[in-house]
Amino acid sequence: MSGADSGRPTRPADESWFGALGVDGELPPPGDSRHAPDWQSMSSAQDDAGFLSRQARRIVHSGQTAFERIYGTFLGARAALAVALLATLALTSAMGGRWSPAVVTLGLVYAALTVATWLLPRWRQAPAPQAMARLRSPQWLATVGADILVFTALHTLAPASAFNYVALLALPALMAGVLTPRLMALATAAVMSMALLASSWVSVLAGDGEAAQLMTQAGLAGMGLFVITILAGELAGRLAREELTARGTLEMARQQAQLNRLVIEDMQDGVMVVDPSGRVRVANPAARQLLSAAGVSRPAPFQLRAVDAWAPLASTVDRAFAAGLWPEAGRDVTLRFDEDDVTRTLRVRIRFTRRQAEVAGESFCVLLLEDVRSMEARTRQEKLAAMGRMSAGIAHEIRNPLAAISQANALLAEDATTPQQVQLTRMVSDNVERLKRIVEDVMAVAPGAGEEAGVIDIGTEVALVCSEWLRANGLPLGEQSALRVALPGGALGVRFDAEHLRRVLVNLLDNGLRHSSKQPGALQLYLQAAGADQVVLGVASDGEPIPPDVERHLFEPFFSTRSRGTGLGLYICRELCARHGASIDYRQRGPDHACRNEFRLSLQRQALAPALGAHLPLPTQT
């Protein structure tokens, strides 16, 4: 055991190497670090990386710490030494040798003690490293202390014997250096050395030998015990540090693997790890969804060649392994799911593991998969966002000249005397108002930080908007109305701006009425709770279903099927919904519904303040 050198953390004097370094437990205490300050330089050698990883796994998964293993070996060695001692006494007696009853009794007692300590579970279980650092602890007294006492007594009782009992003292010296602090281990070696010197002095007084010879032998034996103690301490320190490094390295690897798994699981792109045989080792949910016509495929591991639809992807992996490289931008691979009549084109990018892995027989490639349609949609959204920012800037610049045109036209209208002049000024006024509405629509969805919306009773707001919309369009109320409204009996709170909700709802009702038959019940509006955290608002009409080539462009700006339409209505609805964490989509109902075209809003449900009352009743409510 080495002392506290400069630059190394100190430890209390009553801790062994294993207790001070914290290797007696599986994981470090919260907030502590097991890593040395220079752990990066310790593990920087590439040649030792594989060995360190294997060694870390072996140490951690062995089920025992180094202290427990050494302590168990120590108990077994003591028991074996005791049995060997009894066998030596018995063999010597059989060959005519004589032993004093005290020596035989001491050997029997020591054998019984060591065998019982080795076999009994209570004593065989390794104590805490701190327990061996106290002289008065039962574990130290029953092991190191007992060995010192017995071996010193045997040496004293049979000094003239041909059997050298001094060599047996190497065992307690060795274990004291390993399991106890340096000061305590050196004190143990000093006690054994003094005992040998005292025994030699007793022999000199008894006339059993020359003083110089006996004292020299005792001194040399004591020096050997000191050397054994110091070397054992150094080896124990190195073993403790290696185990500490191994456990820290494996824990870091485990944490890094968990972080990688979390990141990969949440990635929008598909990620797969494939070996040369086509076996998929890892696949995140996005990749499993891309490999299935509907839903997700089975979790990894699975064989890429097991499904016929995956054959193009499997052949792509084979070509990549054969070539050893892949284009940086990737290539497109088309998968055809014949049973579902689905075709999916994937952009495949491949990255290879390091070449060092091939030496160990483990070469993998990482596949990054992305649906080409999603890529095109994302590109289109980016272009739309850029166009929206540009349109907002243009709309802002149009405001001032538009106001000037409006004022000039108002002055001209005051001086208009002929019907032709009145008609011309009215045309200018109508088109100015139209341009103002377009500018307002564009500015409504311009990028910028909007005010945070509060919680509203959506039932009350929907009832109020529907009543105003019916009066504004001159539609009757009651059963003969073109609009049928179904609202819940209780209040529903959502986080949305009331004015934005009115704008979205009026736009949907105008579009629905424009394309409907305008018969009673041609429009249907319903509001209902969908679980504890969502509210659904739907507007359906009985018009002709929207064609697929039009449906894919419904929410794009400036797309309209009308010659005088701006194409901003549904785009504004989607942008306003997105501002408040809501969503809007279009779907076609089944043939058993009279109103097949439906626009559906999903809003976030929030707790409603008690002061807000119930929604306003409507004569058209069902």
# chains A, B, ... in the order shown; residues from 1 in each chain; ligands from 1
call {"tool": "select_by_dssp", "arguments": {"residues": "region 142-329 of chain A", "states": "helix (DSSP H, G or I)", "output": "PyMOL selection string"}}
result
chain A and resi 142-157+166-179+182-205+211-265+285-290+304-306+308-323
call {"tool": "residues_around", "arguments": {"residues": "Leu501 (chain A)", "least_positions_apart": "5", "cutoff": "9 Å", "atoms": "only C-alpha atoms", "output": "count of residues only"}}
result
9
call {"tool": "closest_residue", "arguments": {"among": "A:Thr88, A:Asn597, A:Thr216, A:Thr229", "to": "Ala189 (chain A)", "atoms": "only C-alpha atoms"}}
result
A:Thr229
call {"tool": "residues_around", "arguments": {"residues": "Met215 (chain A)", "least_positions_apart": "5", "cutoff": "9 Å", "atoms": "only C-alpha atoms", "output": "CSV table (one decimal) with C-alpha atoms, in the first residue's frame"}}
result
chain,number,residue,atom,x,y,z
A,196,LEU,CA,10.8,-13.0,16.7
A,197,LEU,CA,13.5,-11.0,18.5
A,200,SER,CA,15.4,-15.4,19.9
A,201,TRP,CA,16.4,-13.7,23.2
A,204,VAL,CA,19.8,-17.2,24.0
A,210,GLU,CA,24.6,-18.2,19.9
A,220,LEU,CA,16.5,-10.8,8.8
call {"tool": "select_by_dssp", "arguments": {"residues": "region 263-399 of chain A", "states": "strand (DSSP E or B)", "output": "number ranges by chain"}}
result
A: 270-274, 279-283, 302-303, 331-337, 342-352, 365-371
call {"tool": "write_last_selection", "arguments": {"atoms": "N, CA, C and O atoms", "output": "tab-separated table (two decimals), in the first residue's frame"}}
result
chain	number	residue	atom	x	y	z
A	270	GLY	N	-35.07	7.18	-39.54
A	270	GLY	CA	-34.87	5.79	-39.16
A	270	GLY	C	-33.39	5.47	-39.02
A	270	GLY	O	-32.57	5.89	-39.83
A	271	VAL	N	-33.05	4.72	-37.98
A	271	VAL	CA	-31.66	4.32	-37.72
A	271	VAL	C	-31.64	2.81	-37.51
A	271	VAL	O	-32.39	2.29	-36.68
A	272	MET	N	-30.77	2.14	-38.26
A	272	MET	CA	-30.61	0.69	-38.11
A	272	MET	C	-29.13	0.35	-38.11
A	272	MET	O	-28.34	0.98	-38.83
A	273	VAL	N	-28.76	-0.64	-37.32
A	273	VAL	CA	-27.40	-1.19	-37.30
A	273	VAL	C	-27.48	-2.60	-37.85
A	273	VAL	O	-28.18	-3.46	-37.29
A	274	VAL	N	-26.74	-2.86	-38.93
A	274	VAL	CA	-26.84	-4.13	-39.66
A	274	VAL	C	-25.44	-4.72	-39.76
A	274	VAL	O	-24.46	-4.00	-39.98
A	279	ARG	N	-28.34	-9.20	-40.65
A	279	ARG	CA	-29.08	-9.23	-39.40
A	279	ARG	C	-29.11	-7.82	-38.80
A	279	ARG	O	-28.08	-7.20	-38.60
A	280	VAL	N	-30.30	-7.35	-38.52
A	280	VAL	CA	-30.49	-6.02	-37.93
A	280	VAL	C	-30.32	-6.14	-36.43
A	280	VAL	O	-31.10	-6.82	-35.75
A	281	ARG	N	-29.30	-5.49	-35.89
A	281	ARG	CA	-29.03	-5.54	-34.46
A	281	ARG	C	-29.84	-4.50	-33.69
A	281	ARG	O	-30.30	-4.76	-32.58
A	282	VAL	N	-29.98	-3.31	-34.26
A	282	VAL	CA	-30.69	-2.20	-33.60
A	282	VAL	C	-31.56	-1.53	-34.65
A	282	VAL	O	-31.12	-1.32	-35.79
A	283	ALA	N	-32.78	-1.17	-34.26
A	283	ALA	CA	-33.69	-0.43	-35.14
A	283	ALA	C	-34.59	0.43	-34.28
A	283	ALA	O	-35.28	-0.09	-33.39
A	302	PHE	N	-33.70	-8.81	-36.07
A	302	PHE	CA	-34.43	-9.56	-37.08
A	302	PHE	C	-33.58	-9.60	-38.34
A	302	PHE	O	-32.63	-8.82	-38.49
A	303	GLN	N	-33.94	-10.49	-39.23
A	303	GLN	CA	-33.18	-10.69	-40.46
A	303	GLN	C	-33.78	-9.83	-41.56
A	303	GLN	O	-34.98	-9.86	-41.82
A	331	ARG	N	-28.54	7.20	-51.38
A	331	ARG	CA	-29.24	6.78	-52.59
A	331	ARG	C	-30.66	6.40	-52.24
A	331	ARG	O	-30.97	6.06	-51.11
A	332	ASP	N	-31.53	6.44	-53.26
A	332	ASP	CA	-32.94	6.12	-53.05
A	332	ASP	C	-33.17	4.63	-53.29
A	332	ASP	O	-32.66	4.05	-54.27
A	333	VAL	N	-33.93	4.02	-52.40
A	333	VAL	CA	-34.30	2.60	-52.51
A	333	VAL	C	-35.81	2.51	-52.37
A	333	VAL	O	-36.40	3.10	-51.45
A	334	THR	N	-36.44	1.81	-53.28
A	334	THR	CA	-37.90	1.69	-53.30
A	334	THR	C	-38.31	0.33	-52.76
A	334	THR	O	-37.83	-0.71	-53.22
A	335	LEU	N	-39.20	0.36	-51.77
A	335	LEU	CA	-39.76	-0.86	-51.19
A	335	LEU	C	-41.21	-0.99	-51.65
A	335	LEU	O	-41.98	-0.02	-51.57
A	336	ARG	N	-41.58	-2.18	-52.10
A	336	ARG	CA	-42.94	-2.44	-52.57
A	336	ARG	C	-43.59	-3.51	-51.69
A	336	ARG	O	-43.11	-4.64	-51.64
A	337	PHE	N	-44.64	-3.11	-51.01
A	337	PHE	CA	-45.40	-4.03	-50.17
A	337	PHE	C	-46.61	-4.50	-50.97
A	337	PHE	O	-47.65	-3.82	-51.02
A	342	VAL	N	-48.66	-0.91	-51.42
A	342	VAL	CA	-48.02	0.32	-50.95
A	342	VAL	C	-46.59	0.35	-51.49
A	342	VAL	O	-45.89	-0.67	-51.45
A	343	THR	N	-46.18	1.50	-51.99
A	343	THR	CA	-44.81	1.71	-52.46
A	343	THR	C	-44.20	2.85	-51.67
A	343	THR	O	-44.82	3.91	-51.54
A	344	ARG	N	-43.00	2.62	-51.14
A	344	ARG	CA	-42.34	3.64	-50.32
A	344	ARG	C	-40.90	3.79	-50.80
A	344	ARG	O	-40.17	2.81	-50.92
A	345	THR	N	-40.51	5.01	-51.07
A	345	THR	CA	-39.15	5.31	-51.51
A	345	THR	C	-38.38	5.90	-50.33
A	345	THR	O	-38.82	6.89	-49.73
A	346	LEU	N	-37.23	5.29	-50.03
A	346	LEU	CA	-36.41	5.69	-48.90
A	346	LEU	C	-35.09	6.25	-49.39
A	346	LEU	O	-34.48	5.70	-50.32
A	347	ARG	N	-34.65	7.32	-48.76
A	347	ARG	CA	-33.30	7.83	-48.98
A	347	ARG	C	-32.39	7.14	-47.95
A	347	ARG	O	-32.55	7.29	-46.75
A	348	VAL	N	-31.43	6.35	-48.44
A	348	VAL	CA	-30.58	5.51	-47.59
A	348	VAL	C	-29.18	6.10	-47.56
A	348	VAL	O	-28.53	6.25	-48.59
A	349	ARG	N	-28.75	6.44	-46.36
A	349	ARG	CA	-27.35	6.84	-46.12
A	349	ARG	C	-26.71	5.81	-45.21
A	349	ARG	O	-27.33	5.36	-44.24
A	350	ILE	N	-25.49	5.42	-45.52
A	350	ILE	CA	-24.82	4.33	-44.82
A	350	ILE	C	-23.50	4.84	-44.27
A	350	ILE	O	-22.74	5.51	-44.96
A	351	ARG	N	-23.25	4.51	-43.01
A	351	ARG	CA	-21.98	4.82	-42.36
A	351	ARG	C	-21.44	3.52	-41.78
A	351	ARG	O	-22.18	2.69	-41.27
A	352	PHE	N	-20.11	3.35	-41.84
A	352	PHE	CA	-19.47	2.13	-41.39
A	352	PHE	C	-18.78	2.36	-40.06
A	352	PHE	O	-18.35	3.48	-39.73
A	365	CYS	N	-22.63	-1.73	-40.20
A	365	CYS	CA	-22.93	-0.49	-40.89
A	365	CYS	C	-24.19	0.11	-40.29
A	365	CYS	O	-25.10	-0.62	-39.87
A	366	VAL	N	-24.23	1.41	-40.24
A	366	VAL	CA	-25.36	2.15	-39.69
A	366	VAL	C	-26.15	2.73	-40.86
A	366	VAL	O	-25.60	3.49	-41.66
A	367	LEU	N	-27.41	2.37	-40.95
A	367	LEU	CA	-28.29	2.85	-42.01
A	367	LEU	C	-29.14	3.99	-41.47
A	367	LEU	O	-29.81	3.85	-40.44
A	368	LEU	N	-29.11	5.12	-42.16
A	368	LEU	CA	-29.96	6.27	-41.85
A	368	LEU	C	-31.02	6.34	-42.93
A	368	LEU	O	-30.72	6.59	-44.10
A	369	LEU	N	-32.27	6.10	-42.54
A	369	LEU	CA	-33.38	6.01	-43.48
A	369	LEU	C	-34.30	7.21	-43.33
A	369	LEU	O	-34.58	7.66	-42.21
A	370	GLU	N	-34.78	7.70	-44.46
A	370	GLU	CA	-35.71	8.82	-44.45
A	370	GLU	C	-36.66	8.67	-45.63
A	370	GLU	O	-36.23	8.36	-46.75
A	371	ASP	N	-37.95	8.88	-45.35
A	371	ASP	CA	-38.95	8.81	-46.41
A	371	ASP	C	-38.76	10.00	-47.35
A	371	ASP	O	-38.70	11.15	-46.91
call {"tool": "residues_around", "arguments": {"residues": "Glu265 (chain A)", "least_positions_apart": "5", "cutoff": "8 Å", "atoms": "only C-alpha atoms", "output": "CSV table (one decimal) with N, CA and C atoms, in the first residue's frame"}}
result
chain,number,residue,atom,x,y,z
A,284,ASN,N,-34.6,1.7,-34.5
A,284,ASN,CA,-35.4,2.6,-33.7
A,284,ASN,C,-36.9,2.6,-34.3
A,285,PRO,N,-37.8,3.1,-33.5
A,285,PRO,CA,-39.2,3.1,-34.0
A,285,PRO,C,-39.5,3.7,-35.4
A,286,ALA,N,-38.7,4.8,-35.7
A,286,ALA,CA,-38.9,5.4,-37.0
A,286,ALA,C,-38.5,4.5,-38.1
call {"tool": "residues_around", "arguments": {"residues": "region 137-149 of chain A", "least_positions_apart": "4", "cutoff": "9 Å", "atoms": "only C-alpha atoms", "output": "list of chain:residue names"}}
result
A:Phe74, A:Leu75, A:Arg78, A:Tyr110, A:Leu113, A:Thr114, A:Thr117, A:Trp123, A:Ala126, A:Pro127, A:Ala131, A:Met132, A:Ala133, A:Ala153, A:Leu154, A:Leu168, A:Leu169, A:Leu171, A:Pro172, A:Ala173, A:Met175, A:Ala176, A:Thr188, A:Val191, A:Met192
call {"tool": "residues_around", "arguments": {"residues": "region 399-414 of chain A", "least_positions_apart": "6", "cutoff": "8 Å", "atoms": "only C-alpha atoms", "output": "ChimeraX atom specification"}}
result
/A:421-422,425,428-429,432,435-436,439
call {"tool": "write_last_selection", "arguments": {"atoms": "C-alpha atoms", "output": "short mmCIF file (atom, residue, chain, number, x, y, z; two decimals), in the first residue's frame"}}
result
data_model
loop_
_atom_site.label_atom_id
_atom_site.label_comp_id
_atom_site.auth_asym_id
_atom_site.auth_seq_id
_atom_site.Cartn_x
_atom_site.Cartn_y
_atom_site.Cartn_z
CA GLN A 421 -67.65 58.33 -62.41
CA VAL A 422 -69.60 56.90 -59.46
CA THR A 425 -64.91 55.12 -57.83
CA VAL A 428 -61.71 51.30 -56.98
CA SER A 429 -63.18 51.22 -53.44
CA VAL A 432 -59.03 48.57 -52.29
CA LEU A 435 -56.51 44.32 -51.11
CA LYS A 436 -56.86 45.38 -47.47
CA VAL A 439 -52.92 42.33 -46.49
#
call {"tool": "closest_residue", "arguments": {"among": "A:Thr418, A:Ser315, A:Gln604, A:Thr180", "to": "Val494 (chain A)", "atoms": "only C-alpha atoms"}}
result
A:Gln604
call {"tool": "closest_residue", "arguments": {"among": "A:Leu244, A:Ala482, A:Leu505, A:Met390", "to": "Gly521 (chain A)", "atoms": "only C-alpha atoms"}}
result
A:Ala482
call {"tool": "decode", "arguments": {"residues": "region 155-200 of chain A", "atoms": "C-alpha atoms", "output": "CSV table (one decimal), in the first residue's frame"}}
result
chain,number,residue,atom,x,y,z
A,155,HIS,CA,8.0,-20.8,17.0
A,156,THR,CA,8.5,-20.2,20.7
A,157,LEU,CA,7.4,-23.6,21.9
A,158,ALA,CA,9.6,-25.5,19.4
A,159,PRO,CA,12.7,-23.4,18.7
A,160,ALA,CA,15.0,-26.3,18.1
A,161,SER,CA,12.6,-28.0,15.7
A,162,ALA,CA,13.7,-28.7,12.2
A,163,PHE,CA,10.5,-27.2,11.0
A,164,ASN,CA,10.7,-23.5,10.3
A,165,TYR,CA,7.6,-21.8,11.7
A,166,VAL,CA,8.9,-18.3,10.9
A,167,ALA,CA,7.9,-18.8,7.2
A,168,LEU,CA,4.3,-19.1,8.3
A,169,LEU,CA,4.3,-15.5,9.5
A,170,ALA,CA,4.4,-14.4,5.8
A,171,LEU,CA,0.7,-15.2,5.5
A,172,PRO,CA,-0.5,-12.7,8.2
A,173,ALA,CA,2.1,-10.1,7.0
A,174,LEU,CA,0.8,-10.5,3.4
A,175,MET,CA,-2.9,-10.2,4.4
A,176,ALA,CA,-2.2,-7.2,6.7
A,177,GLY,CA,-0.6,-5.4,3.8
A,178,VAL,CA,-3.6,-6.1,1.6
A,179,LEU,CA,-6.5,-5.7,3.9
A,180,THR,CA,-5.4,-3.0,6.3
A,181,PRO,CA,-4.1,0.6,6.1
A,182,ARG,CA,-0.4,1.1,5.6
A,183,LEU,CA,0.3,2.3,9.2
A,184,MET,CA,-1.6,-0.6,10.7
A,185,ALA,CA,0.1,-3.1,8.4
A,186,LEU,CA,3.6,-1.8,9.3
A,187,ALA,CA,2.6,-1.9,12.9
A,188,THR,CA,1.6,-5.6,12.4
A,189,ALA,CA,4.9,-6.3,10.8
A,190,ALA,CA,6.7,-4.6,13.7
A,191,VAL,CA,4.9,-6.7,16.3
A,192,MET,CA,5.8,-9.9,14.5
A,193,SER,CA,9.5,-8.7,14.2
A,194,MET,CA,9.6,-7.9,17.9
A,195,ALA,CA,8.0,-11.3,18.7
A,196,LEU,CA,10.8,-13.0,16.7
A,197,LEU,CA,13.5,-11.0,18.5
A,198,ALA,CA,12.0,-11.8,21.9
A,199,SER,CA,11.8,-15.5,21.0
A,200,SER,CA,15.4,-15.4,19.9
